[in-house]
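The next block is coords.txt, given as compact mmCIF, C-alpha atoms and all ligand atoms.
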```txt
# COMPACT_ATOMS: atom_id res chain seq x y z
CA MET A 1 -6.14 -44.10 -10.10
CA ASP A 2 -9.11 -44.62 -7.86
CA GLY A 3 -9.84 -44.80 -4.20
CA SER A 4 -12.43 -47.56 -4.15
CA ILE A 5 -11.77 -50.94 -2.67
CA ILE A 6 -11.38 -53.68 -5.25
CA SER A 7 -12.12 -57.10 -3.81
CA ARG A 8 -9.21 -59.46 -3.54
CA ARG A 9 -11.54 -62.28 -4.48
CA ARG A 10 -12.13 -60.76 -7.91
CA ILE A 11 -8.39 -60.58 -8.49
CA LEU A 12 -7.93 -64.22 -7.52
CA GLN A 13 -10.90 -65.30 -9.60
CA ALA A 14 -9.39 -63.61 -12.63
CA GLY A 15 -6.32 -65.79 -12.14
CA ALA A 16 -8.39 -68.95 -11.80
CA VAL A 17 -10.26 -68.29 -15.04
CA ALA A 18 -6.94 -67.92 -16.83
CA THR A 19 -5.88 -71.36 -15.59
CA VAL A 20 -9.06 -73.01 -16.81
CA ALA A 21 -8.62 -71.39 -20.20
CA GLY A 22 -5.25 -73.07 -20.50
CA PHE A 23 -2.85 -70.29 -19.52
CA VAL A 24 -0.15 -70.95 -17.01
CA PRO A 25 -0.55 -67.93 -14.80
CA THR A 26 2.76 -66.73 -13.44
CA ARG A 27 2.60 -64.82 -10.19
CA PHE A 28 3.45 -61.80 -12.32
CA ALA A 29 0.62 -62.31 -14.78
CA ILE A 30 -1.89 -62.12 -11.94
CA GLY A 31 -0.14 -59.26 -10.21
CA ASN A 32 0.13 -57.33 -13.41
CA THR A 33 -3.62 -57.23 -13.99
CA ALA A 34 -4.45 -56.11 -10.46
CA LYS A 35 -4.21 -52.55 -9.29
CA VAL A 36 -1.26 -51.57 -7.15
CA LYS A 37 -2.56 -50.98 -3.64
CA VAL A 38 -1.17 -47.94 -1.90
CA GLY A 39 -2.12 -47.56 1.76
CA LEU A 40 -2.20 -44.04 3.18
CA MET A 41 -1.97 -43.99 6.96
CA LEU A 42 -2.15 -40.28 7.75
CA PRO A 43 -3.95 -37.82 10.03
CA TYR A 44 -7.04 -36.45 8.28
CA SER A 45 -8.47 -34.96 11.48
CA GLY A 46 -7.07 -33.00 14.43
CA THR A 47 -4.01 -30.75 14.79
CA TYR A 48 -2.11 -32.43 11.96
CA ALA A 49 -5.03 -32.74 9.48
CA GLY A 50 -3.55 -30.09 7.17
CA LEU A 51 -0.25 -31.98 7.07
CA GLY A 52 -1.96 -35.24 6.10
CA GLU A 53 -3.82 -33.44 3.33
CA ALA A 54 -0.69 -31.76 1.92
CA ILE A 55 1.19 -35.09 1.92
CA THR A 56 -1.70 -36.80 0.12
CA ASN A 57 -1.82 -34.00 -2.45
CA GLY A 58 1.92 -34.31 -3.05
CA ILE A 59 1.77 -38.08 -3.53
CA LYS A 60 -1.14 -37.85 -5.95
CA MET A 61 0.45 -35.06 -7.94
CA ALA A 62 3.69 -37.02 -8.45
CA LEU A 63 1.75 -40.04 -9.70
CA ALA A 64 -0.63 -38.03 -11.88
CA GLU A 65 2.33 -36.33 -13.58
CA GLN A 66 3.52 -39.76 -14.73
CA GLY A 67 0.19 -40.92 -16.14
CA GLY A 68 -1.40 -42.05 -12.88
CA LYS A 69 0.16 -45.52 -13.01
CA LEU A 70 2.92 -47.39 -11.19
CA GLY A 71 5.04 -49.75 -13.29
CA GLY A 72 2.27 -49.74 -15.90
CA ARG A 73 -0.44 -50.73 -13.43
CA GLU A 74 -3.47 -48.78 -12.24
CA ILE A 75 -3.36 -47.54 -8.66
CA GLN A 76 -5.83 -48.03 -5.88
CA PHE A 77 -5.51 -45.92 -2.73
CA VAL A 78 -6.74 -47.16 0.63
CA ALA A 79 -6.73 -44.19 3.00
CA LEU A 80 -7.06 -44.36 6.76
CA ASP A 81 -7.27 -41.50 9.28
CA ASP A 82 -4.76 -42.38 12.00
CA GLU A 83 -5.92 -39.39 14.13
CA SER A 84 -2.29 -38.88 15.29
CA ASP A 85 -3.15 -41.40 17.98
CA PRO A 86 -0.21 -43.65 18.91
CA ALA A 87 -2.49 -46.06 20.82
CA LYS A 88 -4.33 -46.96 17.61
CA ALA A 89 -1.21 -47.18 15.43
CA PRO A 90 -0.47 -50.94 15.58
CA GLU A 91 -4.08 -51.81 14.80
CA ASN A 92 -4.27 -49.28 11.96
CA ALA A 93 -0.99 -50.45 10.41
CA THR A 94 -2.12 -54.08 10.69
CA LYS A 95 -5.39 -53.20 8.92
CA LEU A 96 -3.48 -51.92 5.92
CA ALA A 97 -0.51 -54.31 5.89
CA THR A 98 -2.25 -57.58 6.73
CA GLY A 99 -5.94 -56.82 6.13
CA GLU A 100 -5.69 -54.88 2.87
CA LYS A 101 -2.31 -56.38 1.89
CA VAL A 102 -1.19 -53.04 0.48
CA ASP A 103 1.87 -53.09 -1.78
CA PHE A 104 3.15 -49.81 -0.33
CA LEU A 105 2.31 -48.30 3.03
CA LEU A 106 2.79 -44.54 3.14
CA GLY A 107 2.61 -43.07 6.63
CA THR A 108 2.68 -41.07 8.78
CA VAL A 109 2.99 -37.59 10.34
CA HIS A 110 3.23 -38.18 14.11
CA SER A 111 6.41 -39.78 15.50
CA GLY A 112 4.59 -41.81 18.15
CA VAL A 113 2.23 -43.23 15.53
CA ALA A 114 5.18 -43.99 13.25
CA MET A 115 6.80 -46.08 15.98
CA GLY A 116 3.70 -48.26 16.29
CA MET A 117 3.45 -48.50 12.52
CA VAL A 118 7.04 -49.59 11.85
CA LYS A 119 6.84 -52.16 14.63
CA VAL A 120 4.14 -53.83 12.49
CA THR A 121 5.70 -53.42 9.04
CA ARG A 122 9.14 -54.62 10.15
CA GLU A 123 7.33 -57.91 10.71
CA THR A 124 5.10 -57.96 7.62
CA GLY A 125 7.89 -56.75 5.30
CA THR A 126 5.50 -54.25 3.63
CA ILE A 127 7.41 -51.57 1.73
CA THR A 128 6.95 -48.58 4.03
CA ILE A 129 7.67 -44.97 3.13
CA ILE A 130 7.46 -42.39 5.89
CA PRO A 131 6.52 -39.03 4.33
CA ASN A 132 6.93 -36.99 7.53
CA ALA A 133 7.33 -38.48 11.02
CA GLY A 134 10.87 -37.84 12.19
CA ALA A 135 11.10 -40.43 15.01
CA ASN A 136 14.84 -41.06 15.23
CA VAL A 137 14.28 -44.75 15.98
CA ALA A 138 12.60 -45.42 12.60
CA THR A 139 15.97 -45.09 10.86
CA GLY A 140 17.86 -45.97 14.06
CA PRO A 141 17.27 -48.97 16.32
CA MET A 142 14.05 -49.88 14.47
CA CYS A 143 15.51 -49.56 10.97
CA ALA A 144 14.65 -52.33 8.51
CA PRO A 145 15.34 -53.16 4.86
CA ASN A 146 11.71 -52.36 3.89
CA ILE A 147 11.44 -49.03 5.76
CA PHE A 148 12.35 -45.74 4.07
CA ARG A 149 11.78 -42.10 4.91
CA THR A 150 11.45 -39.20 2.43
CA SER A 151 11.30 -36.53 5.12
CA PHE A 152 13.89 -36.13 7.90
CA SER A 153 14.95 -37.50 11.25
CA ASN A 154 13.96 -35.23 14.12
CA TRP A 155 17.66 -34.87 14.97
CA GLN A 156 18.45 -33.64 11.45
CA THR A 157 16.12 -30.64 11.48
CA THR A 158 17.50 -28.87 14.55
CA TRP A 159 21.07 -30.06 15.14
CA PRO A 160 22.40 -27.30 12.82
CA LEU A 161 20.27 -24.65 14.58
CA GLY A 162 22.23 -25.14 17.83
CA LYS A 163 25.33 -23.70 16.20
CA VAL A 164 23.42 -21.01 14.31
CA ALA A 165 21.91 -19.76 17.59
CA TYR A 166 25.30 -19.63 19.31
CA ASP A 167 26.96 -17.92 16.34
CA ARG A 168 24.23 -15.26 16.45
CA GLY A 169 25.36 -14.41 19.96
CA HIS A 170 22.66 -16.15 21.99
CA ARG A 171 23.91 -17.72 25.21
CA ASN A 172 20.82 -18.33 27.32
CA ILE A 173 17.83 -19.99 25.67
CA VAL A 174 14.45 -21.37 26.75
CA THR A 175 13.20 -24.39 24.79
CA MET A 176 9.58 -25.47 24.61
CA THR A 177 7.60 -28.21 22.88
CA TRP A 178 4.90 -30.84 23.11
CA LYS A 179 5.99 -33.74 25.27
CA TYR A 180 6.38 -36.58 22.78
CA ALA A 181 9.16 -38.05 20.65
CA ALA A 182 9.23 -35.43 17.88
CA GLY A 183 9.46 -32.42 20.16
CA GLU A 184 11.82 -34.01 22.62
CA GLU A 185 14.17 -35.22 19.89
CA MET A 186 14.12 -31.90 18.03
CA ILE A 187 14.83 -29.74 21.05
CA GLY A 188 17.21 -32.42 22.35
CA ALA A 189 19.41 -32.21 19.22
CA PHE A 190 19.30 -28.40 19.35
CA GLU A 191 20.24 -28.31 23.04
CA GLU A 192 23.09 -30.76 22.57
CA ASN A 193 24.72 -28.73 19.82
CA PHE A 194 24.02 -25.36 21.48
CA GLN A 195 25.52 -26.54 24.77
CA LYS A 196 28.47 -28.08 22.94
CA GLN A 197 29.22 -24.58 21.57
CA GLY A 198 29.06 -23.16 25.11
CA GLY A 199 25.42 -22.03 25.33
CA LYS A 200 23.12 -22.58 28.29
CA ILE A 201 19.53 -23.83 28.41
CA ALA A 202 17.68 -21.65 30.93
CA LYS A 203 14.67 -23.94 30.98
CA GLN A 204 13.03 -26.71 28.96
CA ILE A 205 9.23 -26.46 28.95
CA LEU A 206 7.15 -29.50 27.96
CA VAL A 207 3.38 -29.38 27.42
CA PRO A 208 1.04 -32.28 26.59
CA PHE A 209 0.26 -33.03 22.91
CA PRO A 210 -1.85 -31.52 21.30
CA ASN A 211 -2.47 -28.84 23.96
CA VAL A 212 -2.58 -25.25 22.62
CA GLU A 213 -3.16 -23.35 25.87
CA PHE A 214 0.21 -21.59 26.07
CA GLN A 215 -0.60 -18.56 28.23
CA ALA A 216 0.97 -19.71 31.52
CA ASN A 217 4.14 -20.82 29.71
CA LEU A 218 4.45 -17.51 27.88
CA THR A 219 4.16 -15.64 31.17
CA GLU A 220 6.95 -17.80 32.57
CA ILE A 221 9.14 -17.17 29.50
CA ALA A 222 8.67 -13.41 29.94
CA SER A 223 9.86 -13.65 33.54
CA LEU A 224 12.90 -15.78 32.59
CA LYS A 225 14.08 -13.11 30.09
CA PRO A 226 16.16 -15.45 27.88
CA ASP A 227 18.25 -14.25 24.87
CA ALA A 228 16.05 -16.35 22.58
CA VAL A 229 13.32 -18.99 22.58
CA MET A 230 13.50 -22.23 20.57
CA VAL A 231 10.35 -24.30 20.08
CA PHE A 232 8.83 -27.15 18.09
CA PHE A 233 5.15 -26.95 17.25
CA ALA A 234 3.49 -27.85 13.96
CA GLY A 235 0.15 -27.58 12.16
CA ALA A 236 -2.63 -25.88 14.10
CA GLY A 237 -0.40 -25.77 17.20
CA ALA A 238 2.32 -23.81 15.36
CA LEU A 239 -0.25 -21.39 13.99
CA LYS A 240 -1.49 -20.61 17.49
CA PHE A 241 1.85 -20.57 19.29
CA VAL A 242 3.41 -17.94 17.01
CA LYS A 243 0.33 -15.72 17.29
CA ASP A 244 0.15 -16.12 21.08
CA TYR A 245 3.89 -15.38 21.39
CA ALA A 246 3.44 -12.07 19.60
CA ALA A 247 0.23 -11.24 21.47
CA ALA A 248 2.03 -11.84 24.79
CA GLY A 249 4.43 -9.05 23.84
CA LEU A 250 7.43 -11.35 23.47
CA LYS A 251 8.48 -10.27 19.95
CA SER A 252 11.59 -8.56 21.33
CA ILE A 253 12.93 -12.02 22.26
CA PRO A 254 14.00 -13.82 19.02
CA LEU A 255 11.90 -16.91 18.30
CA MET A 256 13.41 -19.88 16.47
CA GLY A 257 12.81 -23.55 15.78
CA PRO A 258 12.56 -26.18 13.07
CA GLY A 259 10.77 -24.83 9.98
CA PHE A 260 7.54 -26.64 10.92
CA LEU A 261 6.90 -23.59 13.07
CA THR A 262 5.92 -21.61 9.98
CA ASP A 263 5.53 -24.08 7.08
CA GLY A 264 1.96 -24.36 5.86
CA VAL A 265 0.71 -21.84 8.44
CA LEU A 266 2.64 -18.68 7.56
CA ALA A 267 -0.29 -16.93 5.90
CA GLY A 268 -2.47 -17.49 8.96
CA GLN A 269 0.24 -16.24 11.32
CA GLY A 270 0.60 -12.95 9.44
CA GLU A 271 2.59 -10.20 11.19
CA ALA A 272 3.20 -12.41 14.23
CA ALA A 273 5.63 -14.59 12.23
CA GLU A 274 7.84 -11.69 11.17
CA GLY A 275 11.49 -12.44 11.99
CA VAL A 276 10.98 -16.08 13.04
CA LEU A 277 14.23 -17.94 12.29
CA THR A 278 14.11 -21.61 11.35
CA THR A 279 16.11 -24.51 9.95
CA LEU A 280 14.60 -27.09 7.61
CA HIS A 281 15.42 -29.36 4.66
CA TYR A 282 13.15 -27.26 2.45
CA ALA A 283 12.28 -23.62 1.78
CA ASP A 284 9.57 -22.17 -0.47
CA GLY A 285 12.01 -19.69 -1.95
CA LEU A 286 14.58 -22.15 -3.36
CA GLU A 287 15.15 -20.98 -6.90
CA THR A 288 15.90 -24.32 -8.53
CA ALA A 289 14.09 -25.38 -11.71
CA GLU A 290 12.54 -28.35 -9.85
CA ASN A 291 11.20 -26.22 -7.03
CA VAL A 292 9.80 -23.46 -9.23
CA ARG A 293 8.06 -26.00 -11.50
CA PHE A 294 6.78 -28.01 -8.52
CA ARG A 295 5.35 -24.96 -6.76
CA THR A 296 3.64 -23.68 -9.88
CA ALA A 297 2.09 -27.07 -10.65
CA TYR A 298 0.98 -27.59 -7.03
CA THR A 299 -0.73 -24.19 -6.81
CA SER A 300 -2.52 -24.68 -10.09
CA THR A 301 -3.69 -28.16 -9.05
CA TYR A 302 -4.72 -27.49 -5.45
CA ASN A 303 -5.23 -23.74 -5.40
CA LYS A 304 -2.92 -23.22 -2.43
CA PRO A 305 0.83 -22.92 -1.97
CA ALA A 306 2.96 -26.04 -1.48
CA ASP A 307 4.78 -26.58 1.81
CA VAL A 308 7.37 -29.02 3.16
CA TYR A 309 4.70 -31.68 3.75
CA ALA A 310 3.59 -31.55 0.10
CA VAL A 311 7.25 -31.94 -0.92
CA GLN A 312 7.73 -34.99 1.28
CA GLY A 313 4.57 -36.59 -0.16
CA TYR A 314 5.64 -35.73 -3.70
CA ASP A 315 8.98 -37.41 -3.09
CA ALA A 316 7.31 -40.51 -1.63
CA GLY A 317 5.40 -40.64 -4.94
CA GLN A 318 8.66 -40.31 -6.86
CA VAL A 319 10.18 -43.15 -4.84
CA MET A 320 7.28 -45.47 -5.72
CA LEU A 321 7.51 -44.49 -9.39
CA LYS A 322 11.22 -45.28 -9.55
CA ALA A 323 10.88 -48.56 -7.67
CA MET A 324 7.94 -49.77 -9.77
CA ALA A 325 9.64 -48.82 -13.04
CA ALA A 326 12.69 -50.84 -11.97
CA VAL A 327 10.63 -54.01 -11.34
CA LYS A 328 8.29 -53.34 -14.31
CA GLY A 329 5.26 -53.47 -12.03
CA ASP A 330 6.11 -56.73 -10.27
CA THR A 331 5.35 -55.91 -6.64
CA THR A 332 6.09 -59.46 -5.54
CA ASP A 333 9.82 -58.83 -5.96
CA ARG A 334 10.36 -56.91 -2.73
CA ALA A 335 14.11 -57.37 -2.75
CA ALA A 336 14.32 -55.70 -6.17
CA LEU A 337 12.00 -52.88 -5.04
CA ILE A 338 14.23 -52.24 -2.03
CA ALA A 339 17.41 -52.35 -4.12
CA ALA A 340 15.93 -49.83 -6.57
CA ILE A 341 14.98 -47.41 -3.79
CA GLU A 342 18.37 -47.76 -2.13
CA LYS A 343 20.14 -46.61 -5.25
CA ALA A 344 17.64 -43.96 -6.35
CA GLU A 345 18.57 -40.31 -6.60
CA ILE A 346 15.45 -38.28 -5.95
CA LYS A 347 15.18 -34.97 -7.79
CA SER A 348 13.29 -33.29 -5.02
CA PRO A 349 12.02 -29.69 -4.93
CA ARG A 350 14.30 -29.40 -1.84
CA GLY A 351 17.33 -30.35 -3.99
CA PRO A 352 18.52 -33.82 -5.01
CA PHE A 353 18.93 -36.43 -2.29
CA ARG A 354 19.88 -40.05 -1.74
CA PHE A 355 19.08 -42.39 1.11
CA SER A 356 21.62 -43.14 3.81
CA LYS A 357 22.45 -46.73 4.69
CA ALA A 358 19.68 -46.54 7.31
CA HIS A 359 17.22 -45.24 4.61
CA ASN A 360 16.92 -41.62 5.75
CA PRO A 361 17.60 -38.72 3.30
CA ILE A 362 21.08 -37.22 3.29
CA GLN A 363 20.24 -33.56 2.75
CA ASP A 364 21.14 -29.92 3.16
CA ILE A 365 19.49 -28.06 6.01
CA TYR A 366 18.55 -24.50 5.07
CA LEU A 367 18.44 -21.43 7.29
CA ARG A 368 15.24 -19.45 6.74
CA GLN A 369 13.67 -16.31 8.10
CA VAL A 370 10.27 -14.70 7.67
CA LYS A 371 10.65 -11.24 6.13
CA GLY A 372 7.78 -9.16 4.78
CA GLY A 373 5.40 -12.11 5.20
CA LYS A 374 7.65 -14.36 3.08
CA GLU A 375 9.90 -17.26 4.02
CA MET A 376 13.34 -16.11 2.87
CA VAL A 377 16.28 -18.48 2.40
CA LEU A 378 19.29 -17.04 4.23
CA GLY A 379 21.54 -19.89 3.09
CA VAL A 380 22.54 -23.44 3.95
CA ALA A 381 22.92 -23.93 7.71
CA GLU A 382 24.69 -27.26 7.18
CA LYS A 383 25.38 -29.27 4.02
CA ASP A 384 24.72 -32.98 3.50
CA VAL A 385 23.39 -33.57 6.99
CA THR A 386 23.36 -37.31 7.68
CA ASP A 387 21.46 -38.70 10.63
CA PRO A 388 23.85 -40.64 12.90
CA ALA A 389 21.39 -43.60 12.77
CA LYS A 390 22.49 -44.74 16.23
CA GLY A 391 21.49 -48.35 16.86
CA CYS A 392 20.56 -49.24 13.27
CA LYS A 393 21.81 -52.79 12.72
CA ALA A 394 19.25 -54.35 10.37
CA VAL A 395 20.32 -52.74 7.09
C1 LIG B 401 6.47 -35.79 14.15
O1 LIG B 401 5.67 -36.14 15.02
O2 LIG B 401 7.46 -36.49 13.83
C2 LIG B 401 6.28 -34.50 13.44
C3 LIG B 401 5.01 -33.94 13.36
C4 LIG B 401 4.83 -32.74 12.69
C5 LIG B 401 5.91 -32.11 12.09
C6 LIG B 401 7.18 -32.66 12.19
C7 LIG B 401 7.36 -33.87 12.86
O3 LIG B 401 5.74 -30.98 11.44
```
As structure tokens - that is how I would like this structure written.
Ligand code: PHB
Amino acid sequence: MDGSIISRRRILQAGAVATVAGFVPTRFAIGNTAKVKVGLMLPYSGTYAGLGEAITNGIKMALAEQGGKLGGREIQFVALDDESDPAKAPENATKLATGEKVDFLLGTVHSGVAMGMVKVTRETGTITIIPNAGANVATGPMCAPNIFRTSFSNWQTTWPLGKVAYDRGHRNIVTMTWKYAAGEEMIGAFEENFQKQGGKIAKQILVPFPNVEFQANLTEIASLKPDAVMVFFAGAGALKFVKDYAAAGLKSIPLMGPGFLTDGVLAGQGEAAEGVLTTLHYADGLETAENVRFRTAYTSTYNKPADVYAVQGYDAGQVMLKAMAAVKGDTTDRAALIAAIEKAEIKSPRGPFRFSKAHNPIQDIYLRQVKGGKEMVLGVAEKDVTDPAKGCKAV
């Protein structure tokens, strides 16, 4: 594997030489000698930089474990920092899909960026694997045969939490998030289920992304005196929110949310995270052979603990490995690549999963709670959660 840019001209020239020498180059013969191009469109700066890094680590670890090749071919990564900026997403996706002609496009973290990205790759047909962004539309109205997701839909992560909160006796809850697709869809799914059970939303607070000045909002929450508070923040924003919440003296009001609130930032949150209750499709403490092996290998490779983002990247790597083995390295056969992914069972550290018809994982959502500085698995909040994929017609 390498990260340098091999010139397309050299690849084409290699084919031409073969012709002169008397070979009849099949499209496969040329493709087979070239490296497989894997585009990484991820945030490597800003609030979500740590998430982009963990995803990249996960992808590279999965590939390295299988000899660092895809379908027998060497791999070339082309990485691009998308800065979690939706305005730049179409241009960035075009750079990789049309400019670099990547064989696989792996991206991204931010839902707004993902929307701009899939708009492009639905047109180019590039095999796209989303290793985080939960934008419901990507496996909903904007679904496409070439678009897959190894993470979650935003709906999936918090729908089960609505019932959990009600069953724990909470009736009056304040929700809070950044004002963009991920946050709105995550708290939206929570609110819908919580209200369906009979609960009431005292107030929904939206702040601009990636703002981390929470003081005024925390003061307002204190004055509202809800039974509990449910929020979505992630990365550096999650780290700060949980600390600020504790520092504002709000620890007596239970804090909950999707597991992004603590994943990857738990150590930095320290005492402040104690008791935080979350739902997610992964938990550090899952005692399956796959998860234990994965976590041990990840720590010894990267010298830090794995988190949900590393898992999603690792599984995107596994998807590419399976697809490329099925076509024996022939990336020109997109239909066969898609068919192989559609029928793959991924042995993920989260537990095994398959893709739904709309290409989103069908997966268990775990209930987790921080106890003694550790993320404990309380159980499964809901089994085999399948995104409703409203509006998906193309697959
Ligand atoms: C998203 O924008 O879809 C997103 C970002 C960070 C997360 C989860 C979802 O941790």
Could you please extract the residues within 9 Å of ligand LIG 401 (chain B), counting only C-alpha atoms and all ligand atoms, and hand them back as a ChimeraX atom specification? /A:48,51,84,108-114,132-136,152-154,180-183,186,232-235,238,258-261,263,308-309
Just checking: using all atoms listed in the file, which residue out of A:Leu367, A:Met41, A:Leu106, A:Ile205 ends up closest to A:Lys88?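 With all atoms listed in the file as the atom set, the closest residue is A:Met41.
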Could you check the closest approach to A:Val164 for each of A:Met256, A:Ile55, A:Ala97, A:Ala389 and tell me which residue wins, using only C-alpha atoms?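 Of the candidates, the smallest distance to A:Val164 is held by A:Met256.
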So, with only C-alpha atoms as the atoms that count, which of A:Leu105, A:Ala216, A:Ala358, A:Leu255 lies closest to A:Val174?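 For A:Val174, the nearest of the candidates is A:Leu255.
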Report as JSON, numbers by chain all protein, DNA and RNA residues lying within 8 Å of A:Ala340, evaluated on all atoms listed in the file, omitting residues in the same chain fewer than 4 positions from it. {"A": [322, 323, 326, 336, 344]}
As an exercise, work out the distance from atom CA of A:Asn291 to atom CA of A:Arg350 in Å and give it to one decimal place.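 Between these atoms lies a distance of 6.8 Å.
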Between atom CA of A:Ser356 and atom CA of A:Thr386, what distance in Å does the model show, to one decimal?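 Computing the Euclidean distance for atom CA of A:Ser356 and atom CA of A:Thr386 yields 7.2 Å.
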Please list as a ChimeraX atom specification every residue within 7 Å of A:Val231, counting all atoms listed in the file and excluding residues in the same chain fewer than 3 positions away. /A:175-177,256-257
Find the residues around A:Asn211 up to 12 Å (all atoms listed in the file counted), leave out those fewer than 3 positions away in its own chain, and share them as a ChimeraX atom specification. /A:46-47,177-180,206-208,214-215,217,233-234,236-238,240-241
Could you jot down the atom CA of A:Ala246 to atom CA of A:Gly270 separation for me, Å, one decimal place?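 So the answer is 10.6 Å.
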Choose the residue, out of A:Glu271, A:Glu74, A:Glu83, A:Asp227, that has the smallest atom-to-atom separation from A:Leu239; count all atoms listed in the file.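 Closest candidate: A:Glu271.
Of the residues listed (A:Leu63, A:Leu266, A:Ile187, A:Ile221), A:Ile187 shows the shortest atom-to-atom separation from A:Thr157; distances use only C-alpha atoms.
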Some atoms are missing, so please complete stretch 322-335 of chain A with N, CA, C and O atoms and return it as a short mmCIF file (atom, residue, chain, number, x, y, z; two decimals), in the frame of the given file.
```
data_model
loop_
_atom_site.label_atom_id
_atom_site.label_comp_id
_atom_site.auth_asym_id
_atom_site.auth_seq_id
_atom_site.Cartn_x
_atom_site.Cartn_y
_atom_site.Cartn_z
N LYS A 322 9.90 -44.74 -9.18
CA LYS A 322 11.22 -45.28 -9.55
C LYS A 322 11.29 -46.78 -9.26
O LYS A 322 11.78 -47.57 -10.07
N ALA A 323 10.80 -47.16 -8.07
CA ALA A 323 10.88 -48.56 -7.67
C ALA A 323 10.04 -49.43 -8.61
O ALA A 323 10.48 -50.49 -9.06
N MET A 324 8.84 -48.97 -8.94
CA MET A 324 7.94 -49.77 -9.77
C MET A 324 8.40 -49.83 -11.23
O MET A 324 8.15 -50.82 -11.92
N ALA A 325 9.08 -48.77 -11.68
CA ALA A 325 9.64 -48.82 -13.04
C ALA A 325 10.76 -49.86 -13.08
O ALA A 325 10.86 -50.64 -14.03
N ALA A 326 11.55 -49.92 -12.00
CA ALA A 326 12.69 -50.84 -11.97
C ALA A 326 12.22 -52.31 -12.01
O ALA A 326 12.89 -53.14 -12.62
N VAL A 327 11.11 -52.61 -11.36
CA VAL A 327 10.63 -54.01 -11.34
C VAL A 327 9.53 -54.25 -12.39
O VAL A 327 8.90 -55.30 -12.40
N LYS A 328 9.32 -53.28 -13.25
CA LYS A 328 8.29 -53.34 -14.31
C LYS A 328 6.93 -53.77 -13.74
O LYS A 328 6.21 -54.58 -14.33
N GLY A 329 6.60 -53.24 -12.59
CA GLY A 329 5.26 -53.47 -12.03
C GLY A 329 5.13 -54.72 -11.18
O GLY A 329 4.05 -54.99 -10.66
N ASP A 330 6.20 -55.49 -11.05
CA ASP A 330 6.11 -56.73 -10.27
C ASP A 330 6.34 -56.48 -8.78
O ASP A 330 7.46 -56.51 -8.30
N THR A 331 5.23 -56.26 -8.06
CA THR A 331 5.35 -55.91 -6.64
C THR A 331 5.74 -57.11 -5.77
O THR A 331 6.00 -56.96 -4.59
N THR A 332 5.72 -58.30 -6.35
CA THR A 332 6.09 -59.46 -5.54
C THR A 332 7.60 -59.51 -5.30
O THR A 332 8.06 -60.20 -4.40
N ASP A 333 8.36 -58.79 -6.11
CA ASP A 333 9.82 -58.83 -5.96
C ASP A 333 10.28 -57.73 -5.00
O ASP A 333 10.83 -56.71 -5.41
N ARG A 334 10.05 -57.96 -3.73
CA ARG A 334 10.36 -56.91 -2.73
C ARG A 334 11.84 -56.59 -2.66
O ARG A 334 12.23 -55.44 -2.47
N ALA A 335 12.67 -57.61 -2.83
CA ALA A 335 14.11 -57.37 -2.75
C ALA A 335 14.54 -56.41 -3.86
O ALA A 335 15.36 -55.51 -3.65
#
```
